[in-house]
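K.L.:
Here you go, one structure.
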Amino acid sequence: MTADHHQHNHSHGSHSHGVHSHGMGNERRVMFAMWLTGGFMFLEAAGGIFSGSLALIADAGHMLTDTGALMLAFIATKLARRPADEARSYGYARAEILAAFANGIVMIGVVAWIAVEAVGRIMEPSPVMGAPMLAIAAAGLLVNIIAFKLLHGGEDSLNMRGAALHVMGDMLGSVAAIAAALIIMTTGYTIADPILSVLVALLILRSAIGITRESAHILMEGTPEGADGAKIADDLLGNVGGVCNVHHVHAWSLGTGRAVATLHAQLTPGTDADKALGEIKARLAEKFGIGHATVQIELEGCPDSSDMHAAGHRH
């Protein structure tokens with residue numbers, strides 16, 4: 001006799017008015033920061049081409065990645081409020097991850113281009129106009145400080161923290177461009193420009209690899225950090241009374257911070273199935289941050305016993 005118990009946590013679909021207004025506050029902040037960064041990016045790229053500065057073009061490339069990150073943050077805050085529908089039973093969280101993956105790949109491409117260009121310029125230095133470069137880099141720093149203040153004043157969320165971190169990296173890029181301009185103006189060493197542009201490119205590369213790896217892991221249905229099948233099975237066996245076997249454990253993420261799991265739990269005869277189910281769900285939420293779990297309670301054998309070797313099989 002097998003009882004299938006499905007209980008869904010709908011907290012991600014139904015928002016109170018308070019959550020709505022918070023989301024709107026963050027949304028507006030992200031949107032202003034996005035337009036500010038994106039608008040200045042074009043100006044900085046044009047300034048880089050005009051003054052011959054690769055460091056400015058690299059910083060504009062970094063601003064492009066920031067605008068992408070802010071756009072993702074904006075989309076995420078907007079989509080998070082969209083309820084699931086018939087075509088998307090889990091909602092729209094994956095749209096953000098897909099965009100993040102594309103963003104990461106584009107960023108890696110930008111870095112490769114800057115690196116190739118920089119090597120060429122180190123071998124054969126080209127003229128750079130220090131004064132316009134300094135003026136544009138200083139303006140860029142100011143834009144980044146305003147964007148950072150905007151994002152830092154928002155309600156705390158992983159999304160907002162990620163966006164603010166991007167802008168902080170961009171502030172360093174502007175500082176590098178200012179340093180290169182000052183070196184060129186005082187010493188005439190135009191080689192400072194490609195060297196510092198490579199430093200900015202490395203800043204971009206670090207976040208690009210991180211974003212690509214993280215989003216690819218989610219897209220490949222990878223297990224959330226610290227929530228692999230064996231760990232979940234061992235934890236439930238040790239902390240939920242009456243559970244004698246946990247198997248067929250699958251855990252994955254829908255989006256950032258939205259872990260989901262399915263598992264089979266076999267109970268010892270005489271165990272209250274509803275009580276055990278409640279405890280399993282509470283334990284998954286508290287210990288592993290899994291707010292949406294589908295648990296199959298088994299009072300006798302597992303109907304899929306030929307597969308008993310599947311992930312998380314524990315006696």
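In the structure tokens, each chain is lettered A, B, ... as it comes, each chain's residues begin at 1, and ligands are numbered from 1 in order of appearance.
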May I have all residues of region 53-280 of chain A that DSSP, computed from the backbone, assigns to alpha helix (DSSP H), given as a ChimeraX atom specification?

P.N.:
/A:54-79,93-123,130-152,158-187,192-219,229-239,273-280

K.L.:
Taking only residues of region 149-263 of chain A that have an atom at most 12 Å from an atom of region 116-121 of chain A, what is each one's shortest atom pair and its distance in Å to one decimal, using only C-alpha atoms, in chain and number order, as JSON lines?

P.N.:
```
{"residue": "A:Thr190", "atom": "CA", "partner": "A:Arg121", "partner_atom": "CA", "distance": 9.2}
{"residue": "A:Ile191", "atom": "CA", "partner": "A:Arg121", "partner_atom": "CA", "distance": 7.4}
{"residue": "A:Ala192", "atom": "CA", "partner": "A:Arg121", "partner_atom": "CA", "distance": 10.2}
{"residue": "A:Asp193", "atom": "CA", "partner": "A:Ala118", "partner_atom": "CA", "distance": 8.5}
{"residue": "A:Pro194", "atom": "CA", "partner": "A:Ala118", "partner_atom": "CA", "distance": 4.8}
{"residue": "A:Ile195", "atom": "CA", "partner": "A:Ala118", "partner_atom": "CA", "distance": 7.1}
{"residue": "A:Leu196", "atom": "CA", "partner": "A:Ala118", "partner_atom": "CA", "distance": 9.2}
{"residue": "A:Ser197", "atom": "CA", "partner": "A:Ala118", "partner_atom": "CA", "distance": 7.2}
{"residue": "A:Val198", "atom": "CA", "partner": "A:Ala118", "partner_atom": "CA", "distance": 6.8}
{"residue": "A:Leu199", "atom": "CA", "partner": "A:Ala118", "partner_atom": "CA", "distance": 10.5}
{"residue": "A:Val200", "atom": "CA", "partner": "A:Ala118", "partner_atom": "CA", "distance": 11.3}
{"residue": "A:Ala201", "atom": "CA", "partner": "A:Ala118", "partner_atom": "CA", "distance": 9.9}
```

K.L.:
Could those residues be written to a file, using C-alpha atoms, as a short mmCIF file (atom, residue, chain, number, x, y, z; two decimals), in the first residue's frame?

P.N.:
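Writing done, so here's part_14.cif:
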```cif
data_model
loop_
_atom_site.label_atom_id
_atom_site.label_comp_id
_atom_site.auth_asym_id
_atom_site.auth_seq_id
_atom_site.Cartn_x
_atom_site.Cartn_y
_atom_site.Cartn_z
CA THR A 190 50.92 55.24 -22.93
CA ILE A 191 51.67 51.58 -22.12
CA ALA A 192 49.89 52.18 -18.76
CA ASP A 193 46.62 52.19 -20.71
CA PRO A 194 46.69 48.60 -22.07
CA ILE A 195 48.25 47.26 -18.85
CA LEU A 196 45.47 48.71 -16.68
CA SER A 197 42.83 47.67 -19.22
CA VAL A 198 43.97 44.06 -18.70
CA LEU A 199 43.43 44.50 -14.92
CA VAL A 200 39.87 45.70 -15.62
CA ALA A 201 39.37 42.74 -17.98
#
```

K.L.:
Can you work out which one of A:Gly68, A:Gly229, A:Gly169, A:Gly48 has the shortest atom-to-atom distance to Val106 (chain A), counting only C-alpha atoms?

P.N.:
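Between A:Gly68, A:Gly229, A:Gly169, A:Gly48, the residue approaching Val106 (chain A) most closely is A:Gly68.
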
K.L.:
Between A:Glu225, A:Glu298, A:Glu286, A:Glu124, which is the closest to Asn239 (chain A) once you count only C-alpha atoms?

P.N.:
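Once distances to Asn239 (chain A) are computed over only C-alpha atoms, the minimum belongs to A:Glu286.
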
K.L.:
Using only C-alpha atoms, which of A:Lys78, A:Lys281, A:His166, A:His247 sits nearest Glu27 (chain A)?

P.N.:
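Ranked by minimum distance to Glu27 (chain A), first place goes to A:Lys78.
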
K.L.:
Using only C-alpha atoms, which residue out of A:Ile146, A:Met129, A:Ala135, A:Leu205 lies closest to Gly61 (chain A)?

P.N.:
A:Leu205
